[in-house]
$ cat structure-v3.cif   # mmCIF, C-alpha atoms
data_coords
#
loop_
_atom_site.label_atom_id
_atom_site.label_comp_id
_atom_site.auth_asym_id
_atom_site.auth_seq_id
_atom_site.Cartn_x
_atom_site.Cartn_y
_atom_site.Cartn_z
CA MET A 12 -14.86 10.97 20.11
CA ALA A 13 -15.94 13.23 22.94
CA ALA A 14 -18.60 15.32 21.21
CA SER A 15 -20.99 12.63 19.96
CA HIS A 16 -22.90 9.79 21.54
CA GLY A 17 -24.84 8.61 18.49
CA PRO A 18 -23.77 6.29 15.73
CA VAL A 19 -20.54 7.17 13.99
CA VAL A 20 -21.78 5.94 10.62
CA THR A 21 -25.23 7.35 9.93
CA GLY A 22 -26.07 6.22 6.40
CA GLU A 23 -26.02 3.25 4.07
CA LEU A 24 -23.09 2.59 1.80
CA GLU A 25 -23.58 3.81 -1.77
CA GLN A 26 -21.56 2.97 -4.84
CA VAL A 27 -20.75 6.35 -6.40
CA THR A 28 -18.99 5.28 -9.60
CA ASP A 29 -18.71 2.22 -11.74
CA ALA A 30 -15.60 0.10 -11.29
CA LEU A 31 -13.59 2.62 -13.30
CA CYS A 32 -10.15 2.03 -11.87
CA TYR A 33 -7.61 -0.76 -11.90
CA HIS A 34 -6.00 0.76 -8.82
CA GLY A 35 -8.11 3.58 -7.40
CA GLU A 36 -6.27 5.59 -4.78
CA GLY A 37 -5.79 8.98 -3.16
CA PRO A 38 -9.27 10.57 -2.95
CA VAL A 39 -9.31 14.28 -2.10
CA TRP A 40 -12.29 16.58 -1.82
CA SER A 41 -11.64 20.20 -2.74
CA PRO A 42 -14.11 22.99 -3.50
CA THR A 43 -11.56 24.44 -5.92
CA TRP A 44 -12.13 21.62 -8.37
CA GLY A 45 -15.74 21.18 -7.39
CA GLY A 46 -15.77 17.90 -5.53
CA LEU A 47 -13.90 14.62 -5.47
CA ARG A 48 -10.67 13.92 -7.31
CA TRP A 49 -8.72 10.66 -7.10
CA VAL A 50 -6.24 8.62 -9.12
CA ASP A 51 -6.10 5.41 -11.11
CA LEU A 52 -2.55 5.13 -9.91
CA LEU A 53 -0.86 2.68 -12.26
CA ALA A 54 -2.78 3.99 -15.27
CA GLY A 55 -1.36 7.44 -14.60
CA ASP A 56 -4.83 8.94 -14.64
CA VAL A 57 -6.53 11.53 -12.47
CA LEU A 58 -10.32 11.29 -12.18
CA THR A 59 -12.74 14.03 -11.16
CA LEU A 60 -16.33 13.40 -10.11
CA ARG A 61 -18.61 16.16 -11.41
CA ALA A 62 -21.79 17.37 -9.73
CA ASP A 63 -23.93 15.57 -12.31
CA GLY A 64 -22.29 12.27 -11.46
CA SER A 65 -20.12 12.14 -14.54
CA VAL A 66 -16.41 11.42 -14.23
CA ASN A 67 -13.59 13.09 -16.16
CA ARG A 68 -10.35 11.22 -16.64
CA LEU A 69 -7.04 12.97 -17.34
CA HIS A 70 -3.84 11.11 -18.18
CA VAL A 71 -0.80 12.74 -16.56
CA GLY A 72 2.00 10.19 -16.94
CA ASP A 73 3.05 6.62 -16.20
CA VAL A 74 1.92 7.05 -12.62
CA ALA A 75 -0.50 9.38 -10.87
CA ALA A 76 0.09 8.78 -7.18
CA PHE A 77 -1.74 11.55 -5.33
CA VAL A 78 -3.15 15.02 -5.86
CA ARG A 79 -3.67 18.12 -3.78
CA PRO A 80 -4.97 21.62 -4.49
CA ARG A 81 -2.50 24.50 -4.57
CA THR A 82 -3.03 27.68 -2.59
CA SER A 83 -2.66 29.58 -5.85
CA GLY A 84 -5.75 27.83 -7.24
CA GLY A 85 -4.26 25.08 -9.35
CA TRP A 86 -3.27 21.59 -8.28
CA VAL A 87 -0.26 19.34 -7.85
CA VAL A 88 0.06 15.69 -8.81
CA ALA A 89 2.78 13.22 -7.85
CA THR A 90 3.91 11.29 -10.91
CA ASP A 91 6.26 8.33 -11.20
CA ARG A 92 9.31 10.01 -9.63
CA GLY A 93 8.36 13.64 -9.45
CA LEU A 94 5.77 16.35 -9.22
CA ALA A 95 3.72 18.18 -11.83
CA LEU A 96 1.80 21.41 -11.41
CA ALA A 97 -1.31 22.87 -12.97
CA ASP A 98 -2.20 26.54 -12.60
CA GLU A 99 -5.97 26.12 -12.87
CA PRO A 100 -8.30 23.71 -11.01
CA ASP A 101 -9.02 21.85 -14.23
CA GLY A 102 -5.74 22.66 -15.92
CA THR A 103 -3.38 20.06 -17.33
CA PRO A 104 -0.30 19.64 -15.14
CA THR A 105 3.19 20.08 -16.52
CA PRO A 106 6.29 18.49 -14.96
CA TRP A 107 7.92 20.47 -12.17
CA PHE A 108 10.87 18.28 -11.14
CA ASP A 109 11.86 14.71 -10.30
CA LEU A 110 12.93 13.86 -6.76
CA TRP A 111 15.10 10.84 -7.66
CA ASP A 112 16.39 8.82 -10.63
CA ASP A 113 15.99 5.20 -9.49
CA PRO A 114 13.31 3.64 -11.76
CA THR A 115 12.59 0.86 -9.27
CA VAL A 116 10.91 3.32 -6.90
CA ARG A 117 7.72 5.28 -7.52
CA MET A 118 5.61 7.85 -5.77
CA ASN A 119 2.82 6.57 -3.56
CA GLU A 120 0.52 8.32 -1.10
CA GLY A 121 1.08 11.85 0.17
CA GLY A 122 -0.46 14.85 1.83
CA VAL A 123 0.13 18.39 3.02
CA ASP A 124 1.42 19.38 6.44
CA GLY A 125 0.23 22.24 8.62
CA GLU A 126 2.55 24.70 6.93
CA GLY A 127 1.50 23.99 3.37
CA ARG A 128 4.40 21.71 2.57
CA LEU A 129 3.85 18.54 0.60
CA TRP A 130 4.44 15.11 2.09
CA ALA A 131 5.44 12.77 -0.70
CA GLY A 132 5.75 9.09 0.13
CA THR A 133 7.29 6.44 -2.11
CA MET A 134 7.46 2.67 -2.54
CA GLY A 135 9.62 0.24 -4.45
CA TYR A 136 7.86 -1.58 -7.27
CA ASP A 137 9.29 -4.75 -5.71
CA ARG A 138 8.39 -3.66 -2.17
CA VAL A 139 11.98 -4.17 -1.09
CA PRO A 140 12.17 -3.46 2.66
CA GLY A 141 13.67 -0.07 3.36
CA SER A 142 13.63 1.03 -0.26
CA ALA A 143 11.09 3.82 0.21
CA ARG A 144 11.18 7.26 1.74
CA LEU A 145 8.91 10.00 2.94
CA PHE A 146 9.90 13.38 1.53
CA ARG A 147 8.76 16.88 2.35
CA VAL A 148 8.64 19.46 -0.40
CA ASP A 149 8.19 23.11 0.43
CA GLY A 150 6.58 25.72 -1.77
CA SER A 151 9.81 26.67 -3.48
CA GLY A 152 10.68 23.05 -4.30
CA ASP A 153 13.23 22.40 -1.57
CA VAL A 154 13.15 18.71 -0.64
CA THR A 155 13.80 17.21 2.80
CA THR A 156 13.93 13.48 3.50
CA LEU A 157 11.85 12.90 6.61
CA LEU A 158 11.90 9.10 6.75
CA PRO A 159 14.79 7.46 4.87
CA ASP A 160 13.99 3.82 5.61
CA VAL A 161 10.38 2.84 5.00
CA THR A 162 8.88 0.26 2.65
CA ILE A 163 5.43 1.31 1.42
CA SER A 164 4.90 4.89 2.52
CA ASN A 165 1.17 5.38 2.69
CA GLY A 166 -1.53 7.48 4.34
CA ILE A 167 -0.50 10.49 6.40
CA ASP A 168 -2.66 13.16 8.01
CA LEU A 169 -2.74 15.62 10.90
CA SER A 170 -4.94 15.82 13.96
CA PRO A 171 -7.24 18.86 14.02
CA ASP A 172 -4.91 20.79 16.34
CA GLY A 173 -1.92 19.94 14.16
CA ARG A 174 -0.03 18.44 17.07
CA LEU A 175 -0.14 14.83 15.89
CA ALA A 176 0.53 13.20 12.54
CA TYR A 177 -0.74 9.71 11.80
CA TYR A 178 1.16 7.58 9.31
CA ASP A 179 1.00 4.18 7.64
CA ASP A 180 4.07 2.31 6.41
CA THR A 181 1.98 -0.60 5.23
CA PRO A 182 4.27 -3.60 5.92
CA THR A 183 4.57 -2.66 9.59
CA GLY A 184 0.91 -3.61 10.00
CA ARG A 185 0.50 -0.51 12.14
CA THR A 186 -0.67 3.02 12.05
CA ASP A 187 1.95 5.11 13.83
CA VAL A 188 1.69 8.56 15.31
CA PHE A 189 4.21 11.39 15.50
CA THR A 190 4.24 14.44 17.71
CA VAL A 191 4.57 17.50 15.52
CA VAL A 192 6.99 20.02 17.03
CA ASP A 193 7.70 23.21 15.12
CA GLY A 194 6.48 21.52 11.99
CA GLU A 195 8.76 18.51 12.38
CA LEU A 196 7.69 14.88 12.84
CA THR A 197 9.07 13.64 16.16
CA ASP A 198 8.67 10.76 18.61
CA ARG A 199 7.27 8.14 16.23
CA ARG A 200 5.35 5.46 18.10
CA PRO A 201 2.68 2.84 17.41
CA PHE A 202 -0.89 4.12 17.45
CA VAL A 203 -2.80 1.00 16.39
CA THR A 204 -1.68 -2.47 15.28
CA HIS A 205 -4.28 -3.73 12.85
CA ALA A 206 -5.55 -7.28 13.29
CA VAL A 207 -6.91 -7.48 9.76
CA GLY A 208 -5.88 -6.14 6.39
CA HIS A 209 -3.02 -3.86 5.45
CA PRO A 210 -3.07 -0.21 6.55
CA ASP A 211 -3.23 1.91 3.42
CA GLY A 212 -4.64 5.43 3.11
CA LEU A 213 -5.95 7.29 6.13
CA THR A 214 -7.74 10.49 7.05
CA VAL A 215 -8.45 12.27 10.33
CA ASP A 216 -11.84 13.81 11.04
CA SER A 217 -12.56 17.07 12.86
CA ALA A 218 -12.91 15.28 16.21
CA GLY A 219 -9.50 13.67 15.83
CA ASN A 220 -10.75 10.21 14.94
CA VAL A 221 -8.48 8.33 12.55
CA TRP A 222 -10.10 6.50 9.62
CA VAL A 223 -7.83 3.85 8.11
CA ALA A 224 -8.45 1.95 4.88
CA LEU A 225 -7.54 -1.69 5.51
CA ASN A 226 -6.48 -3.03 2.16
CA GLY A 227 -7.29 -6.68 1.70
CA ALA A 228 -10.01 -6.56 4.33
CA GLY A 229 -12.61 -4.58 2.36
CA ARG A 230 -13.16 -2.16 5.16
CA VAL A 231 -12.34 1.21 6.68
CA ARG A 232 -12.02 1.46 10.42
CA CYS A 233 -12.53 4.52 12.58
CA HIS A 234 -10.29 4.77 15.63
CA SER A 235 -10.72 7.22 18.46
CA PRO A 236 -7.70 9.35 19.38
CA GLU A 237 -7.07 6.71 22.05
CA GLY A 238 -6.96 3.99 19.38
CA ASP A 239 -10.27 2.32 20.16
CA VAL A 240 -12.34 1.06 17.22
CA LEU A 241 -15.44 3.26 17.01
CA ALA A 242 -16.86 2.11 13.71
CA GLU A 243 -16.21 0.03 10.66
CA VAL A 244 -17.37 0.55 7.09
CA THR A 245 -17.41 -2.57 4.94
CA VAL A 246 -17.38 -2.29 1.15
CA PRO A 247 -17.97 -5.06 -1.42
CA ALA A 248 -14.40 -4.96 -2.70
CA ARG A 249 -11.57 -6.37 -0.63
CA LEU A 250 -8.87 -3.94 -1.79
CA THR A 251 -9.91 -0.78 0.04
CA THR A 252 -7.13 1.67 -0.66
CA ALA A 253 -7.92 5.09 0.79
CA CYS A 254 -10.59 7.36 2.20
CA THR A 255 -11.42 11.03 2.55
CA PHE A 256 -14.26 13.27 3.62
CA GLY A 257 -16.33 15.26 1.16
CA GLY A 258 -19.66 16.85 0.47
CA ASP A 259 -20.69 20.38 1.37
CA ASP A 260 -20.62 19.52 5.07
CA LEU A 261 -17.63 17.15 4.83
CA ARG A 262 -19.75 14.35 6.26
CA ASP A 263 -19.55 12.01 3.29
CA LEU A 264 -16.79 9.44 3.69
CA TYR A 265 -15.49 8.44 0.26
CA VAL A 266 -13.60 5.18 -0.17
CA THR A 267 -11.52 4.15 -3.18
CA THR A 268 -10.93 0.53 -4.19
CA SER A 269 -8.65 -1.50 -6.43
CA ARG A 270 -8.41 -4.75 -8.32
CA GLU A 271 -4.60 -4.75 -8.52
CA ASN A 272 -3.15 -8.26 -8.93
CA LEU A 273 -6.52 -9.96 -8.41
CA ASP A 274 -7.48 -12.85 -10.66
CA ASP A 275 -11.02 -12.82 -9.30
CA PRO A 276 -11.86 -9.20 -8.50
CA GLU A 277 -15.30 -8.39 -7.20
CA PRO A 278 -17.50 -6.69 -9.82
CA GLN A 279 -17.30 -3.46 -7.80
CA ALA A 280 -13.49 -3.53 -7.36
CA GLY A 281 -12.20 -0.23 -8.72
CA ALA A 282 -15.32 1.75 -7.82
CA VAL A 283 -15.67 4.65 -5.39
CA PHE A 284 -18.04 4.27 -2.46
CA ARG A 285 -19.61 6.79 -0.10
CA VAL A 286 -21.29 6.68 3.30
CA ARG A 287 -22.66 9.39 5.60
CA VAL A 288 -20.95 9.84 8.95
CA ALA A 289 -21.68 11.86 12.07
CA VAL A 290 -18.48 13.85 12.40
CA PRO A 291 -17.25 16.00 9.52
CA GLY A 292 -13.79 15.71 8.11
CA GLN A 293 -11.21 18.45 8.07
CA PRO A 294 -10.99 20.75 5.06
CA VAL A 295 -8.21 19.79 2.69
CA ARG A 296 -4.91 21.57 3.22
CA ALA A 297 -3.55 23.10 0.04
CA PHE A 298 0.06 22.94 -1.12
CA ALA A 299 1.82 26.29 -0.93
CA GLY A 300 3.85 25.63 -4.07
CA MET B 249 13.88 -15.33 -18.18
CA ASP B 250 14.63 -11.65 -17.78
CA LEU B 251 18.40 -11.92 -17.41
CA ALA B 252 18.81 -8.35 -16.22
CA LYS B 253 16.32 -8.97 -13.41
CA GLN B 254 17.95 -12.29 -12.65
CA THR B 255 21.34 -10.61 -12.29
CA THR B 256 19.94 -7.83 -10.14
CA PHE B 257 18.10 -10.33 -7.98
CA VAL B 258 21.07 -12.64 -7.47
CA ASP B 259 23.31 -9.68 -6.68
CA HIS B 260 20.81 -8.47 -4.11
CA VAL B 261 20.53 -11.88 -2.45
CA ARG B 262 24.29 -12.33 -2.40
CA GLU B 263 24.75 -8.85 -0.96
CA ARG B 264 22.30 -9.73 1.82
CA GLY B 265 24.32 -12.81 2.73
CA GLY B 266 22.45 -15.38 0.67
CA ALA B 267 25.56 -17.48 0.03
CA THR B 268 25.48 -18.67 3.63
CA ALA B 269 22.07 -17.71 5.02
CA GLN B 270 18.40 -17.82 4.15
CA VAL B 271 17.26 -14.48 2.77
CA ALA B 272 13.59 -13.50 2.61
CA VAL B 273 12.36 -11.57 -0.42
CA THR B 274 9.06 -10.10 -1.47
CA LEU B 275 6.80 -11.84 -3.96
CA GLU B 276 7.57 -9.16 -6.52
CA GLN B 277 11.29 -9.63 -6.10
CA PHE B 278 10.99 -13.37 -6.51
CA PHE B 279 8.52 -13.67 -9.35
CA GLU B 280 9.09 -10.68 -11.60
CA GLY B 281 11.22 -11.66 -14.57
CA ASN B 282 11.33 -15.26 -13.33
CA ASP B 283 10.00 -18.06 -15.54
CA CYS B 284 12.09 -20.85 -14.01
CA GLU B 285 9.41 -23.47 -13.40
CA TRP B 286 11.43 -25.40 -10.82
CA CYS B 287 12.60 -22.45 -8.69
CA ILE B 288 9.84 -23.18 -6.16
CA ALA B 289 7.59 -26.16 -5.47
CA PRO B 290 9.66 -28.42 -7.77
CA ASN B 291 7.71 -31.64 -7.23
CA ARG B 292 4.27 -30.30 -7.95
CA PRO B 293 2.15 -31.92 -10.69
CA GLU B 294 2.84 -30.77 -14.23
CA ASP B 295 -0.62 -29.27 -14.48
CA VAL B 296 0.25 -26.78 -11.74
CA PRO B 297 2.42 -24.20 -13.49
CA LEU B 298 4.62 -21.62 -11.78
CA ASP B 299 1.99 -19.03 -12.59
CA THR B 300 -0.49 -20.87 -10.38
CA VAL B 301 1.92 -20.83 -7.46
CA ARG B 302 2.47 -17.14 -8.06
CA ARG B 303 -1.26 -16.43 -8.19
CA VAL B 304 -1.98 -18.39 -5.02
CA LEU B 305 0.71 -16.54 -3.08
CA PHE B 306 -0.32 -13.07 -4.25
CA GLU B 307 -3.94 -13.85 -3.41
CA LEU B 308 -2.85 -15.16 -0.03
CA ARG B 309 -1.07 -11.89 0.73
CA GLU B 310 -4.28 -9.97 0.09
CA HIS B 311 -6.26 -12.04 2.59
CA PRO B 312 -7.54 -9.91 5.49
CA GLU B 313 -5.96 -12.17 8.09
CA VAL B 314 -2.60 -12.32 6.34
CA HIS B 315 -0.18 -9.51 7.09
CA ASP B 316 2.65 -10.46 4.75
CA VAL B 317 4.05 -13.24 2.58
CA ARG B 318 7.78 -13.48 1.86
CA VAL B 319 9.65 -16.10 -0.10
CA GLU B 320 12.26 -17.95 1.95
CA LEU B 321 15.21 -18.54 -0.34
CA ASP B 322 17.50 -21.47 0.19
CA VAL B 323 21.23 -20.73 0.35
CA LEU B 324 22.37 -19.79 -3.15
CA GLU B 325 23.29 -22.87 -5.19
CA PHE B 326 25.57 -21.35 -7.79
CA GLN B 327 28.40 -18.87 -7.89
CA ASP B 328 27.35 -17.93 -11.42
CA PHE B 329 23.72 -18.58 -12.17
CA PRO B 330 22.95 -20.25 -15.53
CA ASP B 331 20.55 -18.33 -17.76
CA ASP B 332 17.66 -20.69 -17.01
CA GLU B 333 18.10 -20.84 -13.23
CA TRP B 334 16.66 -18.65 -10.50
CA PRO B 335 17.53 -18.80 -6.79
CA TYR B 336 15.62 -21.69 -5.30
CA ALA B 337 13.01 -21.48 -2.54
CA SER B 338 11.49 -24.36 -0.63
CA GLY B 339 8.97 -22.33 1.31
CA VAL B 340 7.34 -19.04 2.07
CA ALA B 341 6.96 -17.19 5.33
CA VAL B 342 3.40 -16.16 6.07
CA ILE B 343 2.75 -13.64 8.83
CA THR B 344 -0.82 -14.11 9.86
CA THR B 345 -3.38 -14.64 12.59
CA LEU B 346 -4.51 -17.86 10.90
CA LEU B 347 -3.56 -21.40 11.87
CA PRO B 348 -1.34 -23.60 9.70
CA GLU B 349 -4.23 -25.86 8.71
CA GLU B 350 -6.22 -22.85 7.57
CA LEU B 351 -3.34 -21.82 5.32
CA ASP B 352 -3.14 -25.37 3.98
CA ALA B 353 -6.69 -25.04 2.75
CA MET B 354 -5.96 -21.67 1.17
CA THR B 355 -2.85 -22.83 -0.68
CA ILE B 356 -4.01 -26.26 -1.82
CA ASP B 357 -4.13 -25.10 -5.46
CA ALA B 358 -0.36 -24.64 -5.28
CA ASP B 359 0.10 -28.23 -4.08
CA THR B 360 1.68 -27.28 -0.75
CA GLU B 361 2.59 -29.69 2.04
CA SER B 362 1.34 -29.30 5.62
CA SER B 363 2.39 -25.91 6.89
CA GLY B 364 4.77 -25.47 9.81
CA GLY B 365 4.38 -23.34 12.88
CA PRO B 366 3.01 -21.20 14.25
CA ALA B 367 6.12 -19.47 15.58
CA ALA B 368 6.51 -16.13 17.27
CA SER B 369 9.05 -14.88 14.76
CA ALA B 370 11.24 -15.84 11.83
CA GLU B 371 14.54 -14.62 13.20
CA TRP B 372 16.54 -17.12 11.12
CA LEU B 373 15.65 -15.19 7.99
CA VAL B 374 17.70 -12.29 6.73
CA ASP B 375 15.21 -9.50 5.91
CA GLY B 376 12.46 -11.51 7.57
CA PRO B 377 9.05 -9.90 7.70
CA VAL B 378 7.80 -7.84 10.61
CA VAL B 379 5.48 -9.77 12.91
CA PRO B 380 2.91 -7.32 14.25
CA GLU B 381 1.35 -7.78 17.65
CA GLY B 382 -1.22 -10.60 17.60
CA HIS B 383 0.32 -12.24 14.51
CA HIS B 384 2.67 -15.19 14.09
CA TYR B 385 4.82 -16.93 11.52
CA VAL B 386 3.57 -19.92 9.55
CA GLY B 387 5.84 -21.68 7.06
CA VAL B 388 4.16 -22.80 3.86
CA TRP B 389 6.32 -25.47 2.29
CA TRP B 390 6.67 -27.80 -0.64
CA ASP B 391 8.15 -31.27 -0.76
#

$ encode --input "structure-v3.cif" --output "structure tokens"
Amino acid sequence: MAASHGPVVTGELEQVTDALCYHGEGPVWSPTWGGLRWVDLLAGDVLTLRADGSVNRLHVGDVAAFVRPRTSGGWVVATDRGLALADEPDGTPTPWFDLWDDPTVRMNEGGVDGEGRLWAGTMGYDRVPGSARLFRVDGSGDVTTLLPDVTISNGIDLSPDGRLAYYDDTPTGRTDVFTVVDGELTDRRPFVTHAVGHPDGLTVDSAGNVWVALNGAGRVRCHSPEGDVLAEVTVPARLTTACTFGGDDLRDLYVTTSRENLDDPEPQAGAVFRVRVAVPGQPVRAFAG
Amino acid sequence: MDLAKQTTFVDHVRERGGATAQVAVTLEQFFEGNDCEWCIAPNRPEDVPLDTVRRVLFELREHPEVHDVRVELDVLEFQDFPDDEWPYASGVAVITTLLPEELDAMTIDADTESSGGPAASAEWLVDGPVVPEGHHYVGVWWD
């Protein structure tokens, strides 16, 4: 992180919501919908945090895997095996199309590349090795399989210059990095092997630091572009699933949590947390569909 | 027993070579649809039900120092599986930075024996788990 010599994390951790979710995931901050939106993935619900602190919950299907704003002003949500579109920021999405038929595989984490195309990652309900894929969906709905042989396709995001893409396939225990050439993911290689937890969602800040939610470890780690650990945020829920930047200055790091499969979840498991950081995040990239 | 899941599971294991080799499967693959009490840890006390073994292993997988947990199936016993049978497993592969004795303490509720290892890999397993840098294999076993 070349531009700053002070602390990376500048505030105290706050709990933003009650433990509302069984499996909170996929936080995204967008001015178009007025703040933070995330999913209660296995409930099929999309949640929106309003300025007054209230939370709206919208049921969209059996699964709500991830959301992104659309350049046209609405939003897109990945459902069990497909995508659904809404035309307004608070509109109700309607099914667009399914990407596959196999009911043993569902959507998981996703994102948007530098050209406005959707990355849609999947996972098998049984986590069968090699059963998942990473797709790319362009604005007209054309689908390309980018990675045909992954297991739990998870966080993916671009460096600020768009030349690198960081990616978690959780069972590898690593965050990998691709070189982006003409919009294509090339030269996949290990970026960081995590000593604790399971790499889940990730986000890249405006200095190119990579923030990775380490599921099972109750923490989010910030890695420099060289892979060094710069900071760690610990939350009082071990299943830390994903993170994103929000707030007017994009200096609030939001962290989602889960209580999936836990017999003894922490009281806060399923809540959203927030902490102030020194370097702002990148603005969300909208889907061109 | 969910017979459809049992059939799918056995077909998968057989397709992966489970008639002659040890195949590793995920916890979800092994436990979902499976209520065969003696499919794993057969000599445990009666007050330790299969559900306890399941819970201990899922919790173990979520531990920050545990990368993955996979069930190590024995070679398939039957050509045609009876309705109340599930492919048998005598251990699980744990990929971790922890020592065997630390895992023993974490799995005591499932009545495990002393764990084996550590080992650098689990290359004898078909579909064995990835061992990330700094991690090793520990075998958690039952008598």

$ interface_residues --input "structure-v3.cif" --of "chain A" --to "chain B" --cutoff "10 Å" --atoms "all atoms listed in the file" --output "ChimeraX atom specification"
/A:135-141,181-185,203-210,225-230,249-250,272-275

$ atom_distance --input "structure-v3.cif" --atom1 "atom CA of B:Ala267" --atom2 "atom CA of B:Cys287"
16.4 Å

$ atom_distance --input "structure-v3.cif" --atom1 "atom CA of A:Pro276" --atom2 "atom CA of A:Ile167"
27.2 Å

$ resolve_selection --input "structure-v3.cif" --expression "the PyMOL selection byres ((chain A and resi 232-246) around 8)" --output "list in words"
Met12, Val19, Val20, Leu24, Phe202, Val203, Gly219, Asn220, Val221, Trp222, Val223, Ala224, Leu225, Gly229, Arg230, Val231, Pro247, Ala248, Arg249, Thr251 and Phe284 of chain A

$ resolve_selection --input "structure-v3.cif" --expression "the PyMOL selection byres ((chain A and resi 57-69) around 12)" --output "PyMOL selection string"
chain A and resi 26-32+34-56+70-79+86-90+100-104+257-259+265+267+282-283

$ closest_residue --input "structure-v3.cif" --among "B:Glu263, B:Ala368, B:Thr255, B:Val340" --to "B:Asp322" --atoms "only C-alpha atoms"
B:Val340

$ resolve_selection --input "structure-v3.cif" --expression "the PyMOL selection byres ((chain A and resi 129-132) around 7)" --output "number ranges by chain"
A: 118-124, 127-128, 133, 144-149, 164-165, 298

$ residues_around --input "structure-v3.cif" --residues "B:Thr360" --least-positions-apart "3" --cutoff "10 Å" --atoms "all atoms listed in the file" --output "PyMOL selection string"
chain B and resi 289+291-292+301+339+351-357+363+388-391

$ closest_residue --input "structure-v3.cif" --among "A:Thr255, A:Ser151, A:Thr115, A:Ser83" --to "A:Arg287" --atoms "all atoms listed in the file"
A:Thr255

$ atom_distance --input "structure-v3.cif" --atom1 "atom CA of A:Val286" --atom2 "atom CA of A:Phe256"
9.6 Å

$ axis_aligned_box --input "structure-v3.cif" --around "stretch 129-146 of chain A" --padding-each-side "6 Å" --output "JSON"
{"center_x": 8.8, "center_y": 6.9, "center_z": -2.0, "size_x": 21.8, "size_y": 35.3, "size_z": 22.6}

$ closest_residue --input "structure-v3.cif" --among "B:Glu320, B:Glu350, B:Glu371, B:Glu361" --to "B:Val271" --atoms "all atoms listed in the file"
B:Glu320

$ closest_residue --input "structure-v3.cif" --among "B:Ala367, B:Ala252, B:Leu321, B:Val261" --to "B:Ile343" --atoms "all atoms listed in the file"
B:Ala367

$ residues_around --input "structure-v3.cif" --residues "B:Asp250" --least-positions-apart "5" --cutoff "10 Å" --atoms "all atoms listed in the file" --output "MDAnalysis selection string"
chainID B and resid 255 280:283 331:332

$ write_last_selection --input "structure-v3.cif" --atoms "C-alpha atoms" --output "short mmCIF file (atom, residue, chain, number, x, y, z; two decimals), in the frame of the given file"
data_model
loop_
_atom_site.label_atom_id
_atom_site.label_comp_id
_atom_site.auth_asym_id
_atom_site.auth_seq_id
_atom_site.Cartn_x
_atom_site.Cartn_y
_atom_site.Cartn_z
CA THR B 255 21.34 -10.61 -12.29
CA GLU B 280 9.09 -10.68 -11.60
CA GLY B 281 11.22 -11.66 -14.57
CA ASN B 282 11.33 -15.26 -13.33
CA ASP B 283 10.00 -18.06 -15.54
CA ASP B 331 20.55 -18.33 -17.76
CA ASP B 332 17.66 -20.69 -17.01
#

$ decode --input "structure-v3.cif" --residues "stretch 291-302 of chain B" --atoms "N, CA and C atoms" --output "short mmCIF file (atom, residue, chain, number, x, y, z; two decimals), in the first residue's frame"
data_model
loop_
_atom_site.label_atom_id
_atom_site.label_comp_id
_atom_site.auth_asym_id
_atom_site.auth_seq_id
_atom_site.Cartn_x
_atom_site.Cartn_y
_atom_site.Cartn_z
N ASN B 291 -18.06 -48.89 16.20
CA ASN B 291 -17.95 -49.41 17.57
C ASN B 291 -18.12 -48.34 18.63
N ARG B 292 -18.68 -47.24 18.25
CA ARG B 292 -18.85 -46.16 19.24
C ARG B 292 -19.99 -46.54 20.20
N PRO B 293 -20.02 -45.89 21.36
CA PRO B 293 -21.11 -46.19 22.32
C PRO B 293 -22.48 -45.87 21.73
N GLU B 294 -23.49 -46.54 22.21
CA GLU B 294 -24.83 -46.35 21.66
C GLU B 294 -25.37 -44.95 21.89
N ASP B 295 -24.82 -44.27 22.90
CA ASP B 295 -25.32 -42.92 23.15
C ASP B 295 -24.59 -41.86 22.30
N VAL B 296 -23.82 -42.33 21.33
CA VAL B 296 -23.21 -41.41 20.37
C VAL B 296 -23.81 -41.71 19.00
N PRO B 297 -24.88 -41.05 18.62
CA PRO B 297 -25.54 -41.36 17.36
C PRO B 297 -24.75 -40.84 16.16
N LEU B 298 -25.13 -41.31 14.99
CA LEU B 298 -24.50 -40.86 13.75
C LEU B 298 -24.56 -39.34 13.65
N ASP B 299 -25.63 -38.76 14.10
CA ASP B 299 -25.78 -37.31 14.00
C ASP B 299 -24.69 -36.58 14.79
N THR B 300 -24.25 -37.19 15.87
CA THR B 300 -23.16 -36.56 16.64
C THR B 300 -21.86 -36.60 15.86
N VAL B 301 -21.59 -37.73 15.21
CA VAL B 301 -20.38 -37.82 14.39
C VAL B 301 -20.44 -36.77 13.28
N ARG B 302 -21.61 -36.68 12.66
CA ARG B 302 -21.80 -35.71 11.59
C ARG B 302 -21.52 -34.29 12.12
#
